[in-house]
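Text of entry_30.cif, listed as mmCIF, C-alpha atoms:
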```cif
data_final
#
loop_
_atom_site.label_atom_id
_atom_site.label_comp_id
_atom_site.auth_asym_id
_atom_site.auth_seq_id
_atom_site.Cartn_x
_atom_site.Cartn_y
_atom_site.Cartn_z
CA MET A 1 -0.93 9.54 -23.97
CA PHE A 2 0.38 6.65 -21.90
CA VAL A 3 -2.38 7.19 -19.31
CA GLU A 4 -4.86 5.79 -21.82
CA ARG A 5 -2.86 2.56 -21.96
CA ILE A 6 -2.85 2.44 -18.18
CA GLU A 7 -6.63 2.80 -18.06
CA ASP A 8 -6.97 0.07 -20.66
CA ASN A 9 -4.90 -2.28 -18.50
CA LEU A 10 -7.14 -1.54 -15.55
CA LYS A 11 -10.29 -2.33 -17.54
CA GLN A 12 -9.01 -5.27 -19.60
CA CYS A 13 -6.63 -6.97 -17.16
CA ILE A 14 -6.71 -5.98 -13.49
CA ILE A 15 -10.46 -5.69 -12.89
CA PRO A 16 -11.47 -8.90 -14.75
CA PHE A 17 -8.72 -10.86 -13.00
CA TRP A 18 -9.74 -9.85 -9.49
CA LYS A 19 -13.39 -10.40 -10.26
CA SER A 20 -12.41 -13.99 -11.04
CA MET A 21 -10.85 -14.41 -7.58
CA LYS A 22 -14.17 -13.90 -5.80
CA ASP A 23 -15.03 -16.82 -3.52
CA GLU A 24 -18.75 -17.31 -3.93
CA GLU A 25 -18.91 -20.22 -1.48
CA GLN A 26 -16.91 -19.12 1.57
CA GLY A 27 -16.89 -15.36 1.09
CA GLY A 28 -14.10 -12.91 0.46
CA TYR A 29 -11.53 -13.57 -2.24
CA TYR A 30 -9.23 -16.54 -2.79
CA GLY A 31 -5.88 -16.10 -1.10
CA PHE A 32 -3.52 -17.87 -3.48
CA MET A 33 -2.85 -18.53 -7.17
CA ASP A 34 0.43 -20.19 -8.05
CA TRP A 35 2.86 -19.48 -10.85
CA GLU A 36 0.97 -21.85 -13.15
CA HIS A 37 -2.33 -20.06 -12.52
CA ARG A 38 -3.83 -22.70 -10.23
CA ILE A 39 -6.08 -21.33 -7.48
CA ASP A 40 -5.77 -22.96 -4.05
CA LYS A 41 -9.29 -22.59 -2.69
CA SER A 42 -8.27 -23.96 0.72
CA TYR A 43 -5.46 -21.41 1.22
CA TRP A 44 -5.83 -19.03 4.17
CA LYS A 45 -7.01 -15.49 3.48
CA GLY A 46 -4.90 -12.57 4.59
CA CYS A 47 -6.94 -9.79 6.14
CA ILE A 48 -4.62 -7.26 4.51
CA LEU A 49 -5.35 -8.88 1.14
CA ASN A 50 -9.09 -8.69 1.76
CA SER A 51 -8.87 -5.04 2.88
CA ARG A 52 -6.87 -4.12 -0.19
CA ILE A 53 -9.38 -5.82 -2.49
CA LEU A 54 -12.20 -3.97 -0.71
CA TRP A 55 -10.31 -0.70 -1.24
CA PHE A 56 -9.66 -1.57 -4.89
CA PHE A 57 -13.25 -2.27 -5.94
CA ALA A 58 -14.60 0.71 -3.98
CA ASN A 59 -12.20 3.00 -5.82
CA ALA A 60 -12.66 1.28 -9.19
CA SER A 61 -16.40 1.88 -9.03
CA GLN A 62 -15.82 5.59 -8.46
CA ALA A 63 -12.89 6.08 -10.84
CA LEU A 64 -14.82 4.52 -13.72
CA GLY A 65 -18.30 5.59 -12.69
CA ASP A 66 -19.26 1.91 -12.84
CA ALA A 67 -21.88 0.93 -10.25
CA THR A 68 -21.60 -2.74 -11.26
CA LEU A 69 -18.23 -2.89 -9.48
CA LEU A 70 -19.59 -1.84 -6.08
CA PRO A 71 -21.06 -5.29 -5.24
CA TYR A 72 -17.54 -6.72 -5.47
CA ALA A 73 -16.49 -4.23 -2.79
CA GLU A 74 -19.58 -5.08 -0.74
CA HIS A 75 -18.61 -8.77 -0.94
CA ALA A 76 -15.20 -7.96 0.57
CA PHE A 77 -16.78 -5.67 3.18
CA ARG A 78 -19.14 -8.40 4.33
CA PHE A 79 -16.26 -10.86 4.72
CA LEU A 80 -14.19 -8.31 6.62
CA LYS A 81 -16.88 -7.42 9.15
CA GLU A 82 -18.08 -11.00 9.62
CA HIS A 83 -14.74 -12.83 9.78
CA CYS A 84 -11.71 -10.52 9.98
CA VAL A 85 -12.86 -8.36 12.90
CA ASP A 86 -12.43 -9.68 16.45
CA ARG A 87 -15.77 -8.82 18.05
CA GLU A 88 -14.59 -9.86 21.53
CA ASN A 89 -11.27 -8.01 21.83
CA GLY A 90 -11.49 -5.52 18.99
CA GLY A 91 -9.24 -5.06 16.00
CA VAL A 92 -8.59 -7.02 12.82
CA TYR A 93 -6.81 -10.38 12.77
CA TRP A 94 -3.74 -11.01 10.65
CA SER A 95 -5.39 -13.86 8.72
CA VAL A 96 -8.33 -16.22 8.64
CA GLN A 97 -8.86 -19.69 7.19
CA HIS A 98 -10.46 -20.06 3.77
CA ASP A 99 -13.84 -20.53 5.46
CA GLY A 100 -13.44 -17.50 7.74
CA GLY A 101 -12.21 -19.18 10.93
CA VAL A 102 -9.29 -17.49 12.68
CA CYS A 103 -5.89 -18.53 11.32
CA ASP A 104 -3.44 -16.05 12.87
CA GLY A 105 -4.93 -13.85 15.60
CA THR A 106 -2.02 -11.41 15.69
CA LYS A 107 -3.20 -7.80 15.88
CA HIS A 108 -0.77 -5.76 13.81
CA THR A 109 -1.01 -1.99 13.58
CA TYR A 110 -0.28 -2.19 9.86
CA ASN A 111 -3.32 -4.42 9.38
CA GLN A 112 -5.63 -2.08 11.29
CA ALA A 113 -4.43 0.79 9.12
CA PHE A 114 -5.30 -0.99 5.88
CA ALA A 115 -8.75 -1.87 7.14
CA ILE A 116 -9.35 1.81 8.01
CA TYR A 117 -8.13 2.82 4.56
CA ALA A 118 -10.46 0.35 2.86
CA LEU A 119 -13.48 1.07 5.03
CA SER A 120 -13.13 4.81 4.52
CA SER A 121 -13.04 4.39 0.75
CA TYR A 122 -15.95 1.97 0.83
CA TYR A 123 -17.98 4.45 2.87
CA ASP A 124 -17.17 7.14 0.31
CA ALA A 125 -18.38 4.91 -2.52
CA SER A 126 -21.41 3.32 -0.84
CA LYS A 127 -22.40 5.78 1.92
CA ASP A 128 -22.76 2.75 4.20
CA GLU A 129 -22.54 4.26 7.71
CA GLU A 130 -21.60 0.87 9.18
CA ALA A 131 -18.32 1.01 7.26
CA LEU A 132 -17.43 4.44 8.63
CA SER A 133 -18.38 3.38 12.15
CA LEU A 134 -16.11 0.34 11.89
CA ALA A 135 -13.29 2.51 10.53
CA PHE A 136 -13.53 4.70 13.63
CA GLU A 137 -13.62 1.63 15.90
CA LEU A 138 -10.30 0.54 14.40
CA TYR A 139 -8.91 4.07 14.61
CA HIS A 140 -9.55 4.01 18.36
CA VAL A 141 -7.98 0.54 18.61
CA ILE A 142 -4.76 1.96 17.13
CA GLU A 143 -4.77 5.11 19.24
CA GLU A 144 -5.77 3.48 22.53
CA LYS A 145 -4.12 0.05 22.35
CA MET A 146 -1.22 0.30 19.89
CA CYS A 147 0.20 3.74 20.62
CA ASP A 148 2.51 4.89 23.42
CA GLU A 149 4.37 8.08 24.29
CA GLY A 150 6.98 7.40 21.60
CA GLY A 151 4.73 6.46 18.71
CA TYR A 152 3.06 3.39 17.30
CA GLY A 153 3.89 -0.17 18.25
CA GLU A 154 3.77 -2.96 15.71
CA ALA A 155 2.62 -6.45 16.69
CA PHE A 156 0.30 -7.51 19.50
CA THR A 157 -1.38 -10.68 20.72
CA VAL A 158 -5.06 -11.23 20.15
CA ASP A 159 -5.77 -9.36 23.41
CA PHE A 160 -3.24 -6.58 22.68
CA LYS A 161 -0.16 -7.58 24.61
CA PRO A 162 3.01 -6.54 22.73
CA GLU A 163 4.81 -9.34 20.90
CA GLU A 164 7.76 -9.72 18.56
CA ASN A 165 7.30 -7.93 15.25
CA ASP A 166 8.32 -10.76 12.95
CA LYS A 167 5.78 -9.88 10.24
CA LEU A 168 7.14 -6.48 9.24
CA SER A 169 10.77 -7.00 10.15
CA GLU A 170 13.37 -8.51 7.84
CA ASN A 171 17.08 -8.67 7.12
CA ASN A 172 17.81 -10.32 10.50
CA VAL A 173 16.44 -7.47 12.61
CA ILE A 174 13.32 -7.27 14.75
CA ALA A 175 12.04 -3.71 14.81
CA ASP A 176 10.00 -2.07 17.56
CA ARG A 177 8.78 0.55 15.10
CA THR A 178 8.83 0.71 11.31
CA MET A 179 8.58 3.39 8.65
CA ASN A 180 6.25 1.11 6.70
CA THR A 181 3.61 0.96 9.42
CA LEU A 182 3.82 4.70 10.02
CA LEU A 183 3.44 5.39 6.29
CA HIS A 184 0.26 3.35 6.07
CA ILE A 185 -1.16 4.91 9.21
CA CYS A 186 -0.62 8.21 7.39
CA GLU A 187 -2.40 6.81 4.35
CA ALA A 188 -5.30 5.48 6.42
CA TYR A 189 -5.77 8.64 8.47
CA THR A 190 -5.61 10.75 5.30
CA GLU A 191 -8.53 8.82 3.84
CA LEU A 192 -10.46 8.72 7.12
CA TYR A 193 -10.07 12.47 7.57
CA ARG A 194 -10.98 13.12 3.94
CA VAL A 195 -14.34 11.37 4.28
CA SER A 196 -15.16 12.41 7.86
CA ARG A 197 -13.40 15.73 8.57
CA ASP A 198 -13.02 14.56 12.16
CA GLY A 199 -10.92 16.95 14.26
CA GLU A 200 -9.16 14.27 16.31
CA VAL A 201 -8.12 12.38 13.19
CA LYS A 202 -6.82 15.66 11.76
CA GLU A 203 -4.58 16.18 14.79
CA ARG A 204 -3.17 12.66 14.61
CA LEU A 205 -2.55 12.94 10.87
CA ALA A 206 -0.57 16.14 11.46
CA TRP A 207 1.43 14.37 14.19
CA VAL A 208 2.29 11.50 11.83
CA LEU A 209 3.39 13.87 9.07
CA ASN A 210 5.63 15.73 11.49
CA GLU A 211 7.10 12.44 12.68
CA PHE A 212 8.30 11.70 9.16
CA VAL A 213 10.28 14.88 8.76
CA ASP A 214 11.45 15.02 12.40
CA LYS A 215 12.29 11.37 13.12
CA VAL A 216 12.16 9.15 10.00
CA TYR A 217 13.91 11.32 7.41
CA ASN A 218 17.71 11.16 7.26
CA PRO A 219 18.77 14.38 5.47
CA ARG A 220 22.43 13.34 5.40
CA LEU A 221 21.65 10.16 3.46
CA HIS A 222 18.64 11.61 1.61
CA ARG A 223 16.37 8.76 2.61
CA LEU A 224 13.77 7.54 5.06
CA GLU A 225 15.11 5.13 7.63
CA VAL A 226 13.19 1.85 7.72
CA PHE A 227 13.56 -0.05 11.00
CA PHE A 228 13.77 1.51 14.45
CA ASP A 229 14.13 0.64 18.11
CA ARG A 230 11.58 1.89 20.63
CA ASP A 231 13.33 5.29 20.81
CA MET A 232 13.26 5.77 17.02
CA ASN A 233 16.94 5.02 16.51
CA SER A 234 17.58 3.37 13.13
CA ILE A 235 18.77 -0.23 13.51
CA LEU A 236 19.63 -1.17 9.92
CA ASP A 237 21.51 0.49 7.06
CA LEU A 238 18.76 0.05 4.49
CA HIS A 239 17.48 2.31 1.73
CA SER A 240 14.10 1.09 0.51
CA TYR A 241 13.73 2.73 -2.89
CA GLY A 242 10.12 1.67 -3.31
CA HIS A 243 8.95 2.93 0.06
CA ASP A 244 10.74 6.25 -0.37
CA ILE A 245 9.13 7.06 -3.71
CA GLU A 246 5.77 5.80 -2.43
CA ALA A 247 6.12 8.06 0.59
CA THR A 248 6.76 11.15 -1.53
CA TRP A 249 3.29 11.21 -3.02
CA LEU A 250 1.43 9.68 -0.06
CA LEU A 251 2.80 12.35 2.26
CA ASP A 252 1.97 14.97 -0.35
CA ARG A 253 -1.55 13.56 -0.52
CA GLY A 254 -1.87 13.76 3.26
CA LEU A 255 -0.70 17.37 3.25
CA THR A 256 -3.19 18.29 0.53
CA VAL A 257 -6.11 16.73 2.42
CA LEU A 258 -4.94 18.29 5.69
CA GLY A 259 -4.68 21.76 4.17
CA ASP A 260 -1.98 22.99 6.56
CA GLU A 261 0.20 25.39 4.53
CA ALA A 262 2.93 25.68 7.17
CA LEU A 263 3.28 21.91 7.47
CA SER A 264 3.27 21.55 3.68
CA ASN A 265 6.13 24.04 3.44
CA LYS A 266 8.02 22.15 6.15
CA LEU A 267 7.80 18.81 4.33
CA ALA A 268 8.20 20.04 0.74
CA PRO A 269 12.05 20.06 0.70
CA MET A 270 12.15 16.54 2.17
CA ILE A 271 9.67 15.22 -0.40
CA MET A 272 11.62 16.66 -3.32
CA ASP A 273 14.94 15.46 -1.87
CA LEU A 274 13.63 11.89 -1.61
CA THR A 275 12.29 12.02 -5.16
CA CYS A 276 15.53 13.34 -6.62
CA GLN A 277 17.53 10.68 -4.76
CA ILE A 278 15.44 7.86 -6.20
CA TYR A 279 15.59 9.41 -9.67
CA SER A 280 19.39 9.76 -9.49
CA TYR A 281 20.38 6.48 -7.84
CA ALA A 282 17.57 3.89 -8.19
CA TYR A 283 16.07 4.69 -11.59
CA ARG A 284 18.12 2.56 -13.97
CA ASN A 285 17.39 0.87 -17.30
CA HIS A 286 13.84 2.24 -17.57
CA SER A 287 12.80 0.99 -14.12
CA VAL A 288 13.46 1.35 -10.39
CA MET A 289 15.50 -1.15 -8.40
CA ALA A 290 14.29 -2.66 -5.13
CA GLU A 291 16.56 -1.49 -2.30
CA CYS A 292 20.09 -1.08 -1.02
CA GLU A 293 21.23 -2.79 2.18
CA LYS A 294 24.66 -1.93 3.64
CA GLY A 295 25.78 -0.63 0.25
CA VAL A 296 24.63 -3.71 -1.70
CA VAL A 297 21.90 -2.98 -4.24
CA ASP A 298 19.09 -5.45 -4.88
CA THR A 299 18.56 -5.04 -8.61
CA LYS A 300 15.27 -6.94 -8.88
CA ARG A 301 12.37 -5.02 -10.36
CA ILE A 302 9.30 -5.52 -8.21
CA TRP A 303 5.81 -4.79 -9.48
CA TRP A 304 4.77 -2.51 -6.64
CA VAL A 305 7.98 -0.47 -6.78
CA GLN A 306 7.35 0.34 -10.43
CA CYS A 307 3.76 1.35 -9.66
CA GLU A 308 4.75 3.71 -6.86
CA SER A 309 7.57 5.15 -8.98
CA ILE A 310 5.19 6.03 -11.79
CA ILE A 311 2.95 7.95 -9.39
CA GLY A 312 5.84 9.45 -7.44
CA PHE A 313 7.68 10.78 -10.49
CA TYR A 314 4.48 12.08 -12.07
CA ASN A 315 3.57 13.80 -8.80
CA ALA A 316 7.02 15.46 -8.80
CA TYR A 317 6.44 16.61 -12.38
CA GLN A 318 3.12 18.17 -11.37
CA LYS A 319 4.72 19.92 -8.41
CA SER A 320 7.90 21.12 -10.14
CA GLY A 321 7.16 21.23 -13.87
CA ASN A 322 10.34 19.22 -14.49
CA GLU A 323 9.66 17.21 -17.65
CA ASN A 324 12.34 14.66 -16.69
CA PHE A 325 10.02 13.30 -14.00
CA LYS A 326 7.12 12.99 -16.43
CA ASP A 327 9.36 11.20 -18.94
CA ALA A 328 10.52 8.81 -16.22
CA ALA A 329 6.93 7.93 -15.31
CA GLU A 330 6.12 7.09 -18.93
CA ASP A 331 9.41 5.22 -19.36
CA ILE A 332 8.62 2.98 -16.38
CA TRP A 333 5.13 2.26 -17.70
CA ASN A 334 6.66 1.22 -21.02
CA TYR A 335 8.96 -1.12 -19.07
CA VAL A 336 5.96 -2.59 -17.21
CA GLU A 337 4.14 -3.24 -20.47
CA GLU A 338 7.16 -5.02 -21.92
CA HIS A 339 8.30 -7.06 -18.91
CA MET A 340 5.72 -7.27 -16.11
CA LEU A 341 2.35 -7.98 -17.74
CA ASP A 342 1.49 -11.67 -17.93
CA SER A 343 0.26 -12.38 -21.45
CA CYS A 344 -1.56 -15.56 -20.39
CA GLN A 345 -5.31 -15.25 -20.76
CA GLY A 346 -6.99 -14.51 -17.44
CA SER A 347 -3.82 -13.61 -15.57
CA GLU A 348 -2.52 -10.34 -14.14
CA TRP A 349 0.96 -8.84 -13.47
CA PHE A 350 4.16 -10.67 -12.64
CA ALA A 351 5.51 -9.87 -9.18
CA GLU A 352 9.22 -9.63 -10.00
CA VAL A 353 11.71 -9.65 -12.83
CA ASP A 354 15.49 -9.67 -12.67
CA GLU A 355 17.77 -6.87 -13.85
CA ARG A 356 17.62 -8.25 -17.43
CA GLY A 357 13.81 -8.15 -17.38
CA GLU A 358 13.46 -11.93 -17.12
CA VAL A 359 10.50 -13.08 -15.05
CA ILE A 360 11.22 -14.56 -11.60
CA PRO A 361 8.63 -17.29 -10.87
CA HIS A 362 6.39 -16.07 -8.08
CA PRO A 363 2.72 -16.64 -7.19
CA ILE A 364 0.29 -14.45 -9.10
CA VAL A 365 -1.78 -14.07 -5.91
CA GLU A 366 -0.58 -14.43 -2.33
CA PRO A 367 -1.14 -12.46 0.88
CA TRP A 368 0.96 -9.51 -0.34
CA LYS A 369 0.24 -9.71 -4.09
CA CYS A 370 -2.98 -7.89 -4.76
CA PRO A 371 -4.57 -5.09 -6.85
CA TYR A 372 -3.67 -2.36 -4.36
CA HIS A 373 -0.45 -1.01 -5.92
CA ASN A 374 -1.19 -1.49 -9.61
CA GLY A 375 -4.86 -0.60 -9.20
CA ARG A 376 -3.99 2.54 -7.28
CA MET A 377 -1.41 3.53 -9.90
CA CYS A 378 -4.17 3.31 -12.51
CA PHE A 379 -6.59 5.40 -10.45
CA GLU A 380 -3.97 8.02 -9.64
CA MET A 381 -2.70 8.35 -13.19
CA MET A 382 -6.20 8.51 -14.62
CA ARG A 383 -7.07 11.30 -12.19
CA ARG A 384 -3.81 13.18 -12.70
CA GLY A 385 -3.97 12.79 -16.46
CA ARG A 386 -7.26 14.68 -16.48
CA GLU A 387 -5.88 17.58 -14.41
#
```
Can you dump the structure from the file as structure tokens?
Amino acid sequence: MFVERIEDNLKQCIIPFWKSMKDEEQGGYYGFMDWEHRIDKSYWKGCILNSRILWFFANASQALGDATLLPYAEHAFRFLKEHCVDRENGGVYWSVQHDGGVCDGTKHTYNQAFAIYALSSYYDASKDEEALSLAFELYHVIEEKMCDEGGYGEAFTVDFKPEENDKLSENNVIADRTMNTLLHICEAYTELYRVSRDGEVKERLAWVLNEFVDKVYNPRLHRLEVFFDRDMNSILDLHSYGHDIEATWLLDRGLTVLGDEALSNKLAPMIMDLTCQIYSYAYRNHSVMAECEKGVVDTKRIWWVQCESIIGFYNAYQKSGNENFKDAAEDIWNYVEEHMLDSCQGSEWFAEVDERGEVIPHPIVEPWKCPYHNGRMCFEMMRRGRE
């Protein structure tokens, strides 16, 4: 079964590579490796990158039953709590220097969410109460300093004054709210509720899930809108194929953990509609394209989009029994093996290829290129393959 090949890639490629990125001198993990596999040890370290690596090793230790991987998570946890957390104002910075000094003090809601996600998983793996306590500190930062009557804000100054959201906006728009941030709040609160069973977190998770079907989903266009003004009006004609298929299974995961049958029934048609739309219009030539803006399709194949598509289609197969979705998941993995795995010794995955499958030069490691998407695809498929 193709899941065995996925597990082999996790063990033989992804884990050894990210072990090698551990910074033994300054802490955390190196923030940059260029196209020619040269590590820049002086490059700044994204706090999102560090959180995602923390999440990865915590989950790898559990998925494989390998206690030797937990110290790699602990290394990331120590760097996060000592350097990425603002002990004066609260919250997690956007980035720090290679030695842990503050680089960009922006407090972004998206960044807090990923730290909660990572800390919750690390608590689950290590039973370190300090990690769970810090996760709840950041949860309260989001709810008390980054949330208003209309939903979640995006970017804030170091002392939590709203500022322009240039980090999660693109395509010549500046968004007051984004689907992407809301999706990863959902992801973070799902994990925090799973490990804590906290009633307040449960209520907020239910609110977020309802917001997707009530405000973010566009049933006429069969997609999730991406960028919004303060009143949740869409401000750009953009269909993000990767985020839509990622959302299908992450929302499903949240619903499963929440255990609310009525809410699950409410979201089920939306989740299947999004999946079918991606299958019908974005799944081409054994892979899934990037996005479509104002009717123009970006045909690049991006590593994380393929990862989320494998999980999303396999999740749809498990929910519906439709073998076409299972076949699509395997087909995309075959594409990844052929086009997106770097054959150079000691490397990892390529970030992007063009529509012909030719590699587009891109750093192997940078603030957004990490083991979160491909590592999570491995964990999810290993778990689902055993069900």
request  = Tell me which protein, DNA and RNA residues are within 10 Å of A:Ala290, counting all atoms listed in the file, leaving out same-chain ones fewer than 4 positions away, and put them as an MDAnalysis selection string.
outcome  = chainID A and resid 239:243 282:283 297:306 352
request  = Within 12 Å of (-9.4, 0.7, 18.5) (coordinates as in the file), grab all the protein and nucleic acid residues, counting all atoms listed in the file, and write them out as an NGL selection string.
outcome  = :A and (85-87 or 89-92 or 107-109 or 112-113 or 115-116 or 133-147 or 159-160)
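With only C-alpha atoms as the atoms that count, the residue of A:Lys45, A:Met381, A:Gly65, A:Ala76 with the shortest distance to A:Lys22 is A:Ala76.
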ask   = Excluding same-chain residues fewer than 2 positions from A:Ala155, what lies within 9 Å of it counting all atoms listed in the file, as a list in words?
value = Thr106, Lys107, His108, Thr109, Tyr110, Met146, Gly153, Thr157, Phe160, Lys161, Pro162, Glu163, Glu164, Asn165, Asp166, Lys167, Leu168 and Asp176 of chain A
message = To test your reading of the syntax: which residues would the PyMOL selection byres ((chain A and resi 333-335) around 9) return for the file shown? Reply as a PyMOL selection string.
response = chain A and resi 2+6+285-287+306-307+310+328-332+336-340+357
List the neighbours of stretch 258-271 of chain A out to 9 Å using all atoms listed in the file; skip same-chain residues closer than 3 positions along the sequence, and give me the result as a PDB file with C-alpha atoms, keeping the file's coordinate frame.
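around-v6.pdb, freshly written:
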```pdb
ATOM      1  CA  THR A 190      -5.610  10.750   5.300  1.00  0.00           C
ATOM      2  CA  TYR A 193     -10.070  12.470   7.570  1.00  0.00           C
ATOM      3  CA  ARG A 194     -10.980  13.120   3.940  1.00  0.00           C
ATOM      4  CA  LYS A 202      -6.820  15.660  11.760  1.00  0.00           C
ATOM      5  CA  LEU A 205      -2.550  12.940  10.870  1.00  0.00           C
ATOM      6  CA  ALA A 206      -0.570  16.140  11.460  1.00  0.00           C
ATOM      7  CA  LEU A 209       3.390  13.870   9.070  1.00  0.00           C
ATOM      8  CA  ASN A 210       5.630  15.730  11.490  1.00  0.00           C
ATOM      9  CA  PHE A 212       8.300  11.700   9.160  1.00  0.00           C
ATOM     10  CA  VAL A 213      10.280  14.880   8.760  1.00  0.00           C
ATOM     11  CA  TYR A 217      13.910  11.320   7.410  1.00  0.00           C
ATOM     12  CA  PRO A 219      18.770  14.380   5.470  1.00  0.00           C
ATOM     13  CA  HIS A 222      18.640  11.610   1.610  1.00  0.00           C
ATOM     14  CA  ARG A 223      16.370   8.760   2.610  1.00  0.00           C
ATOM     15  CA  ILE A 245       9.130   7.060  -3.710  1.00  0.00           C
ATOM     16  CA  ALA A 247       6.120   8.060   0.590  1.00  0.00           C
ATOM     17  CA  THR A 248       6.760  11.150  -1.530  1.00  0.00           C
ATOM     18  CA  TRP A 249       3.290  11.210  -3.020  1.00  0.00           C
ATOM     19  CA  LEU A 251       2.800  12.350   2.260  1.00  0.00           C
ATOM     20  CA  ASP A 252       1.970  14.970  -0.350  1.00  0.00           C
ATOM     21  CA  ARG A 253      -1.550  13.560  -0.520  1.00  0.00           C
ATOM     22  CA  GLY A 254      -1.870  13.760   3.260  1.00  0.00           C
ATOM     23  CA  LEU A 255      -0.700  17.370   3.250  1.00  0.00           C
ATOM     24  CA  LEU A 274      13.630  11.890  -1.610  1.00  0.00           C
ATOM     25  CA  THR A 275      12.290  12.020  -5.160  1.00  0.00           C
ATOM     26  CA  CYS A 276      15.530  13.340  -6.620  1.00  0.00           C
ATOM     27  CA  ALA A 316       7.020  15.460  -8.800  1.00  0.00           C
TER      28      ALA A 316
END
```
